[in-house]
>>> print(open('work-v6.txt').read())   # compact mmCIF, C-alpha atoms
# COMPACT_ATOMS: atom_id res chain seq x y z
CA MET A 537 2.14 -2.48 -3.22
CA THR A 538 5.16 -0.31 -3.93
CA TYR A 539 7.78 0.31 -6.56
CA CYS A 540 10.96 2.24 -5.79
CA VAL A 541 14.24 2.37 -7.69
CA ALA A 542 17.62 3.96 -6.97
CA ILE A 543 20.45 4.27 -9.48
CA ALA A 544 24.16 4.85 -8.78
CA LEU A 545 26.00 6.67 -11.58
CA ASP A 546 29.39 8.25 -12.12
CA GLU A 547 27.68 11.67 -11.99
CA GLY A 548 25.53 11.02 -8.91
CA LEU A 549 22.40 9.22 -7.72
CA ILE A 550 18.80 8.94 -8.95
CA PHE A 551 15.84 8.04 -6.70
CA ALA A 552 12.27 7.42 -7.88
CA SER A 553 9.17 6.04 -6.18
CA ASP A 554 5.43 5.74 -6.57
CA SER A 555 3.05 6.75 -3.76
CA ARG A 556 0.34 4.07 -3.66
CA THR A 557 0.16 1.91 -0.54
CA ASN A 558 -3.20 0.23 -1.01
CA ALA A 559 -5.35 -0.52 -4.03
CA GLY A 560 -8.75 -2.13 -4.29
CA ALA A 561 -12.28 -1.59 -5.49
CA ASP A 562 -13.02 0.93 -2.74
CA GLN A 563 -9.67 1.66 -1.06
CA VAL A 564 -6.73 3.59 -2.49
CA SER A 565 -4.22 5.17 -0.09
CA THR A 566 -1.36 7.49 -0.92
CA TYR A 567 1.77 8.00 1.18
CA SER A 568 5.16 9.35 0.19
CA LYS A 569 7.80 6.61 0.13
CA MET A 570 10.72 9.00 -0.34
CA HIS A 571 12.26 10.68 2.70
CA THR A 572 15.31 12.94 2.97
CA PHE A 573 17.72 13.75 5.80
CA ASP A 574 20.53 16.24 5.43
CA VAL A 575 23.08 18.47 7.09
CA GLU A 576 23.75 20.78 4.17
CA GLY A 577 27.37 20.85 3.16
CA GLU A 578 28.19 17.81 5.33
CA ARG A 579 25.94 14.86 4.50
CA VAL A 580 22.75 13.95 2.64
CA PHE A 581 20.58 10.83 2.82
CA VAL A 582 17.54 9.58 0.90
CA LEU A 583 15.41 6.72 2.21
CA LEU A 584 12.93 4.80 0.03
CA ALA A 585 10.53 2.50 1.89
CA ALA A 586 8.45 -0.56 1.01
CA GLY A 587 6.49 -3.00 3.12
CA ASN A 588 4.45 -2.64 6.29
CA LEU A 589 3.49 1.04 6.58
CA ALA A 590 3.48 1.05 10.40
CA THR A 591 7.03 -0.35 10.46
CA THR A 592 8.38 2.11 7.91
CA GLN A 593 6.83 5.07 9.73
CA ALA A 594 8.18 3.89 13.09
CA VAL A 595 11.69 3.55 11.63
CA LEU A 596 11.48 6.99 10.04
CA ASN A 597 10.26 8.60 13.27
CA GLN A 598 13.08 7.01 15.26
CA MET A 599 15.66 8.18 12.73
CA ARG A 600 14.37 11.75 13.02
CA ARG A 601 14.31 11.63 16.84
CA ASP A 602 17.85 10.29 16.98
CA MET A 603 19.10 13.21 14.89
CA GLU A 604 17.07 15.81 16.81
CA ASP A 605 18.01 14.44 20.25
CA GLY A 606 21.71 14.06 19.49
CA ALA A 607 21.65 10.28 20.04
CA GLU A 608 24.94 8.41 20.24
CA GLU A 609 24.10 6.69 16.95
CA SER A 610 22.23 8.51 14.18
CA LEU A 611 22.62 9.58 10.58
CA TYR A 612 24.48 12.58 11.99
CA THR A 613 27.15 10.48 13.75
CA VAL A 614 27.92 7.72 11.20
CA THR A 615 31.15 8.17 9.26
CA HIS A 616 30.48 5.86 6.31
CA MET A 617 27.38 5.07 4.22
CA ALA A 618 27.70 1.38 5.14
CA GLU A 619 27.42 2.35 8.82
CA ALA A 620 24.24 4.27 7.99
CA ALA A 621 22.81 1.17 6.27
CA ALA A 622 23.65 -0.99 9.30
CA TYR A 623 21.97 1.58 11.58
CA VAL A 624 18.77 1.53 9.51
CA GLY A 625 18.89 -2.27 9.51
CA ARG A 626 19.02 -2.39 13.31
CA LEU A 627 16.09 0.01 13.67
CA ASN A 628 14.10 -1.99 11.14
CA ARG A 629 14.69 -5.26 12.96
CA GLN A 630 13.87 -3.74 16.37
CA GLU A 631 10.55 -2.29 15.17
CA GLN A 632 9.53 -5.59 13.59
CA GLU A 633 10.32 -7.55 16.74
CA LYS A 634 7.95 -5.33 18.76
CA HIS A 635 4.90 -6.40 16.75
CA THR A 636 5.73 -9.77 15.16
CA ASP A 637 3.63 -11.91 17.55
CA ALA A 638 0.52 -9.73 17.45
CA LEU A 639 0.61 -9.24 13.69
CA SER A 640 1.33 -12.89 12.87
CA LYS A 641 -1.74 -13.95 14.88
CA ALA A 642 -3.81 -11.58 12.74
CA GLY A 643 -2.28 -12.92 9.52
CA PHE A 644 -0.07 -9.91 8.81
CA THR A 645 3.68 -9.39 8.64
CA PRO A 646 5.66 -6.38 9.95
CA ASP A 647 8.38 -6.76 7.28
CA ALA A 648 9.80 -3.63 5.67
CA THR A 649 12.56 -3.11 3.12
CA PHE A 650 14.48 0.12 2.51
CA ILE A 651 16.82 1.67 -0.01
CA LEU A 652 19.23 4.10 1.61
CA GLY A 653 21.40 6.36 -0.50
CA GLY A 654 23.40 9.52 -0.16
CA GLN A 655 26.85 10.88 0.53
CA ILE A 656 28.96 11.87 3.52
CA GLU A 657 31.62 14.54 3.00
CA GLY A 658 34.90 12.93 2.00
CA GLU A 659 33.18 9.66 1.01
CA PRO A 660 31.75 8.58 -2.38
CA PRO A 661 27.97 8.59 -2.95
CA GLU A 662 26.44 5.13 -2.48
CA ILE A 663 23.13 3.30 -2.28
CA PHE A 664 22.18 0.22 -0.22
CA MET A 665 19.19 -2.09 -0.02
CA VAL A 666 18.35 -2.91 3.61
CA TYR A 667 16.42 -6.15 4.09
CA PRO A 668 13.84 -6.92 6.83
CA GLN A 669 16.47 -9.05 8.58
CA GLY A 670 18.74 -6.01 8.94
CA ASN A 671 21.44 -7.03 6.47
CA PHE A 672 22.09 -5.07 3.28
CA ILE A 673 23.65 -5.05 -0.19
CA THR A 674 25.02 -2.30 -2.42
CA THR A 675 25.41 -1.71 -6.15
CA SER A 676 28.24 -2.74 -8.46
CA SER A 677 29.51 -1.78 -11.91
CA HIS A 678 27.43 -4.63 -13.34
CA THR A 679 24.32 -3.85 -11.25
CA PRO A 680 24.18 -0.07 -10.83
CA PHE A 681 20.57 0.06 -9.64
CA LEU A 682 18.48 -1.36 -6.78
CA GLN A 683 14.71 -1.93 -6.67
CA ILE A 684 12.18 -2.69 -3.95
CA GLY A 685 8.53 -3.62 -4.21
CA GLU A 686 6.92 -4.63 -7.52
CA SER A 687 10.17 -4.66 -9.47
CA LYS A 688 9.72 -7.14 -12.33
CA TYR A 689 7.81 -4.94 -14.78
CA GLY A 690 10.25 -2.04 -14.61
CA LYS A 691 13.50 -4.03 -14.63
CA PRO A 692 13.89 -4.77 -18.40
CA ILE A 693 14.27 -1.11 -19.39
CA LEU A 694 16.82 -0.56 -16.59
CA ASP A 695 18.80 -3.63 -17.68
CA ARG A 696 18.98 -2.34 -21.26
CA ILE A 697 19.80 1.31 -20.58
CA ILE A 698 21.48 1.86 -17.22
CA GLU A 699 25.24 1.66 -16.74
CA PRO A 700 27.51 3.74 -14.49
CA SER A 701 28.39 6.16 -17.31
CA THR A 702 24.73 6.94 -18.15
CA PRO A 703 24.08 10.72 -17.83
CA LEU A 704 21.81 11.85 -15.00
CA GLY A 705 19.08 13.09 -17.35
CA ASP A 706 18.93 9.85 -19.34
CA ALA A 707 18.89 7.78 -16.15
CA THR A 708 16.05 9.89 -14.74
CA ARG A 709 13.96 9.38 -17.86
CA CYS A 710 14.74 5.66 -17.70
CA ALA A 711 13.57 5.53 -14.07
CA LEU A 712 10.30 7.25 -15.02
CA VAL A 713 9.69 4.84 -17.91
CA SER A 714 10.43 1.97 -15.51
CA ILE A 715 7.76 3.23 -13.10
CA ASP A 716 5.30 3.92 -15.93
CA SER A 717 5.77 0.37 -17.25
CA THR A 718 5.04 -0.96 -13.77
CA MET A 719 1.89 1.16 -13.41
CA ARG A 720 0.65 -0.09 -16.80
CA SER A 721 0.91 -3.70 -15.61
CA ASN A 722 0.04 -3.42 -11.92
CA VAL A 723 -2.77 -1.29 -10.48
CA THR A 724 -1.24 -1.43 -7.00
CA VAL A 725 1.52 0.93 -8.14
CA GLY A 726 0.39 4.49 -8.80
CA PRO A 727 1.10 8.23 -8.73
CA PRO A 728 2.17 10.70 -7.58
CA ILE A 729 5.65 9.76 -8.77
CA GLU A 730 8.51 11.32 -6.82
CA VAL A 731 11.95 11.77 -8.38
CA LEU A 732 15.11 13.12 -6.76
CA ILE A 733 18.36 13.71 -8.64
CA TYR A 734 21.53 14.09 -6.56
CA GLU A 735 24.68 15.43 -8.21
CA LYS A 736 27.91 13.93 -6.88
CA ASP A 737 29.72 15.99 -4.20
CA LYS A 738 26.97 18.65 -4.06
CA LEU A 739 25.98 17.62 -0.50
CA ALA A 740 22.63 19.32 -1.09
CA PHE A 741 19.39 18.46 -2.91
CA ASP A 742 18.73 20.63 -5.94
CA HIS A 743 16.47 18.62 -8.27
CA TYR A 744 13.17 17.17 -7.04
CA LEU A 745 9.99 16.37 -8.99
CA CYS A 746 6.55 15.23 -7.86
CA LEU A 747 4.52 14.17 -10.90
CA GLU A 748 0.76 13.72 -10.69
CA THR A 749 -1.22 11.64 -13.19
CA ASP A 750 -2.04 14.69 -15.34
CA ASP A 751 1.42 16.27 -15.22
CA ASP A 752 2.29 17.61 -18.69
CA TYR A 753 5.83 16.26 -18.69
CA LEU A 754 4.72 12.81 -17.53
CA LEU A 755 1.98 12.64 -20.18
CA THR A 756 4.43 13.71 -22.89
CA LEU A 757 6.99 11.14 -21.74
CA LYS A 758 4.42 8.34 -21.66
CA ARG A 759 3.10 9.24 -25.13
CA ALA A 760 6.61 9.46 -26.63
CA TRP A 761 7.61 6.13 -25.09
CA ASP A 762 4.47 4.37 -26.33
CA GLU A 763 4.87 5.75 -29.87
CA ASN A 764 8.57 5.01 -30.12
CA ILE A 765 8.39 1.50 -28.70
CA LYS A 766 5.63 0.67 -31.23
CA LYS A 767 7.74 2.18 -34.01
CA ALA A 768 10.78 0.14 -32.91
CA PHE A 769 8.62 -2.99 -32.84
CA ARG A 770 7.33 -2.39 -36.37
CA GLU A 771 10.93 -2.02 -37.59
CA LEU A 772 12.09 -5.37 -36.21
CA PRO A 773 13.54 -7.75 -38.88
CA ARG A 774 10.93 -9.66 -40.85
CA PHE A 775 10.78 -13.44 -41.12
CA ASP A 776 11.75 -14.99 -44.46
CA TRP A 777 8.25 -16.28 -45.03
CA GLU A 778 6.80 -12.76 -44.68
CA ALA A 779 8.90 -11.49 -47.60
CA ALA A 780 8.63 -14.60 -49.73
CA GLN A 781 4.95 -14.95 -50.44
CA GLY A 782 4.37 -17.34 -53.30
CA ARG A 783 7.86 -18.83 -53.03
CA LYS A 784 7.98 -22.62 -52.68
CA ARG A 785 8.69 -23.92 -49.23
CA ARG A 786 12.11 -25.41 -48.61
CA GLY A 787 12.50 -28.95 -47.35
CA THR A 788 10.14 -31.84 -47.56
CA GLN A 789 6.45 -31.41 -46.96
CA VAL A 790 4.36 -34.42 -46.08
CA SER A 791 0.62 -34.25 -46.45
CA ALA A 792 -1.83 -36.98 -45.61
CA LYS A 793 -3.84 -38.01 -48.69
CA LYS A 794 -7.49 -38.61 -48.41
CA LYS A 795 -8.31 -42.30 -48.67
CA LYS A 796 -10.48 -43.34 -51.57
CA THR A 797 -13.72 -45.07 -50.71
CA VAL A 798 -14.17 -48.35 -52.62
CA LYS A 799 -17.75 -49.31 -53.27
CA LYS A 800 -18.50 -52.96 -52.77
CA LYS A 801 -20.22 -54.82 -55.61
CA LYS A 802 -23.58 -56.27 -54.82
>>> encode(input="work-v6.txt", output="structure tokens")
Amino acid sequence: MTYCVAIALDEGLIFASDSRTNAGADQVSTYSKMHTFDVEGERVFVLLAAGNLATTQAVLNQMRRDMEDGAEESLYTVTHMAEAAAYVGRLNRQEQEKHTDALSKAGFTPDATFILGGQIEGEPPEIFMVYPQGNFITTSSHTPFLQIGESKYGKPILDRIIEPSTPLGDATRCALVSIDSTMRSNVTVGPPIEVLIYEKDKLAFDHYLCLETDDDYLLTLKRAWDENIKKAFRELPRFDWEAAQGRKRRGTQVSAKKKKTVKKKK
């Protein structure tokens, strides 16, 4: 399984992903799900991938070849981020169509889902989720983040914290807590955790982290989150009955009385 999240903020973009593609009693595989493409000073792109590994790798390879070979359509030629999302969607659909029949007979699916984000000079930074069917959606002021893969465990913290005005540092910590929460609840999501922070209008990647299980910062973050969430829980408002021991209950209480046994006379 996979868990990837991308966040669109006023200050820039945040990308985070786990690296586990298979989990079982005797099989754990690790592949990076974060991929970057850039022409420094002109355009930058980040691609997060989830789904069939063969499909995602085929799409990535084709994207690289198109840029290297000077293809008519590539990440180098698109003029808007939405065009880049449509391009990735077409490649995704084409790769799936090549193997659908063979894989379906074997009980597998070639489906893959991507998050594409970045910025083209003169355009605002944006992120898009590209579905297996080739269509895509983007963020909004009410939904400033997108997730793919095992998203349900990490969504509550994002819903509570993330808004467009959230600073980059706070949003990055929130993304890491979101991934940590997912790893705690689902063994199919695991490290290394990759994080990339893109500052608006930089058109270059400056901040990248790859955190292993024993990384000092990750361990400190996990410990602080666990301690503080327990502290916050202990400080939740008490129920009336917890603070009113010995006080009579309000309302009417009905109790069944034990029936008396009447002895029959001989």
>>> atom_distance(input="work-v6.txt", atom1="CA of Gln598 (chain A)", atom2="CA of Ser687 (chain A)")
27.5 Å
>>> closest_atom_pairs(input="work-v6.txt", of="region 612-713 of chain A", to="region 731-736 of chain A", cutoff="8 Å", atoms="all atoms listed in the file", output="tab-separated table")
residue	atom	partner	partner_atom	distance
A:Pro660	CA	A:Lys736	CA	8.0
A:Pro661	CA	A:Lys736	CA	6.6
A:Leu704	CA	A:Ile733	CA	7.5
A:Thr708	CA	A:Ile733	CA	7.6
>>> residues_near_point(input="work-v6.txt", point="(1.0, 5.4, -15.2)", cutoff="12 Å", atoms="only C-alpha atoms", output="ChimeraX atom specification")
/A:554-556,690,712-729,747-751,754-759,761-762
>>> residues_near_point(input="work-v6.txt", point="(27.6, 20.0, 8.0)", cutoff="12 Å", atoms="all atoms listed in the file", output="PyMOL selection string")
chain A and resi 573-580+611-613+655-658+739-740
>>> atom_distance(input="work-v6.txt", atom1="CA of Leu589 (chain A)", atom2="CA of Ala648 (chain A)")
7.9 Å
>>> closest_residue(input="work-v6.txt", among="A:Met537, A:Ile543, A:Cys746, A:Ala620", to="Ile697 (chain A)", atoms="all atoms listed in the file")
A:Ile543
>>> atom_distance(input="work-v6.txt", atom1="CA of Thr572 (chain A)", atom2="CA of Leu596 (chain A)")
10.0 Å
>>> residues_around(input="work-v6.txt", residues="region 668-678 of chain A", least_positions_apart="4", cutoff="10 Å", atoms="only C-alpha atoms", output="PDB file with C-alpha atoms, in the frame of the given file")
ATOM      1  CA  ALA A 542      17.620   3.960  -6.970  1.00  0.00           C
ATOM      2  CA  ILE A 543      20.450   4.270  -9.480  1.00  0.00           C
ATOM      3  CA  ALA A 544      24.160   4.850  -8.780  1.00  0.00           C
ATOM      4  CA  LEU A 545      26.000   6.670 -11.580  1.00  0.00           C
ATOM      5  CA  GLY A 587       6.490  -3.000   3.120  1.00  0.00           C
ATOM      6  CA  ALA A 618      27.700   1.380   5.140  1.00  0.00           C
ATOM      7  CA  ALA A 621      22.810   1.170   6.270  1.00  0.00           C
ATOM      8  CA  ALA A 622      23.650  -0.990   9.300  1.00  0.00           C
ATOM      9  CA  TYR A 623      21.970   1.580  11.580  1.00  0.00           C
ATOM     10  CA  VAL A 624      18.770   1.530   9.510  1.00  0.00           C
ATOM     11  CA  GLY A 625      18.890  -2.270   9.510  1.00  0.00           C
ATOM     12  CA  ARG A 626      19.020  -2.390  13.310  1.00  0.00           C
ATOM     13  CA  LEU A 627      16.090   0.010  13.670  1.00  0.00           C
ATOM     14  CA  ASN A 628      14.100  -1.990  11.140  1.00  0.00           C
ATOM     15  CA  ARG A 629      14.690  -5.260  12.960  1.00  0.00           C
ATOM     16  CA  GLN A 630      13.870  -3.740  16.370  1.00  0.00           C
ATOM     17  CA  GLN A 632       9.530  -5.590  13.590  1.00  0.00           C
ATOM     18  CA  PRO A 646       5.660  -6.380   9.950  1.00  0.00           C
ATOM     19  CA  ASP A 647       8.380  -6.760   7.280  1.00  0.00           C
ATOM     20  CA  ALA A 648       9.800  -3.630   5.670  1.00  0.00           C
ATOM     21  CA  THR A 649      12.560  -3.110   3.120  1.00  0.00           C
ATOM     22  CA  PHE A 650      14.480   0.120   2.510  1.00  0.00           C
ATOM     23  CA  ILE A 651      16.820   1.670  -0.010  1.00  0.00           C
ATOM     24  CA  LEU A 652      19.230   4.100   1.610  1.00  0.00           C
ATOM     25  CA  GLY A 653      21.400   6.360  -0.500  1.00  0.00           C
ATOM     26  CA  GLU A 662      26.440   5.130  -2.480  1.00  0.00           C
ATOM     27  CA  ILE A 663      23.130   3.300  -2.280  1.00  0.00           C
ATOM     28  CA  PHE A 664      22.180   0.220  -0.220  1.00  0.00           C
ATOM     29  CA  LEU A 682      18.480  -1.360  -6.780  1.00  0.00           C
ATOM     30  CA  ASP A 695      18.800  -3.630 -17.680  1.00  0.00           C
ATOM     31  CA  ILE A 698      21.480   1.860 -17.220  1.00  0.00           C
ATOM     32  CA  GLU A 699      25.240   1.660 -16.740  1.00  0.00           C
ATOM     33  CA  PRO A 700      27.510   3.740 -14.490  1.00  0.00           C
ATOM     34  CA  SER A 701      28.390   6.160 -17.310  1.00  0.00           C
TER      35      SER A 701
END
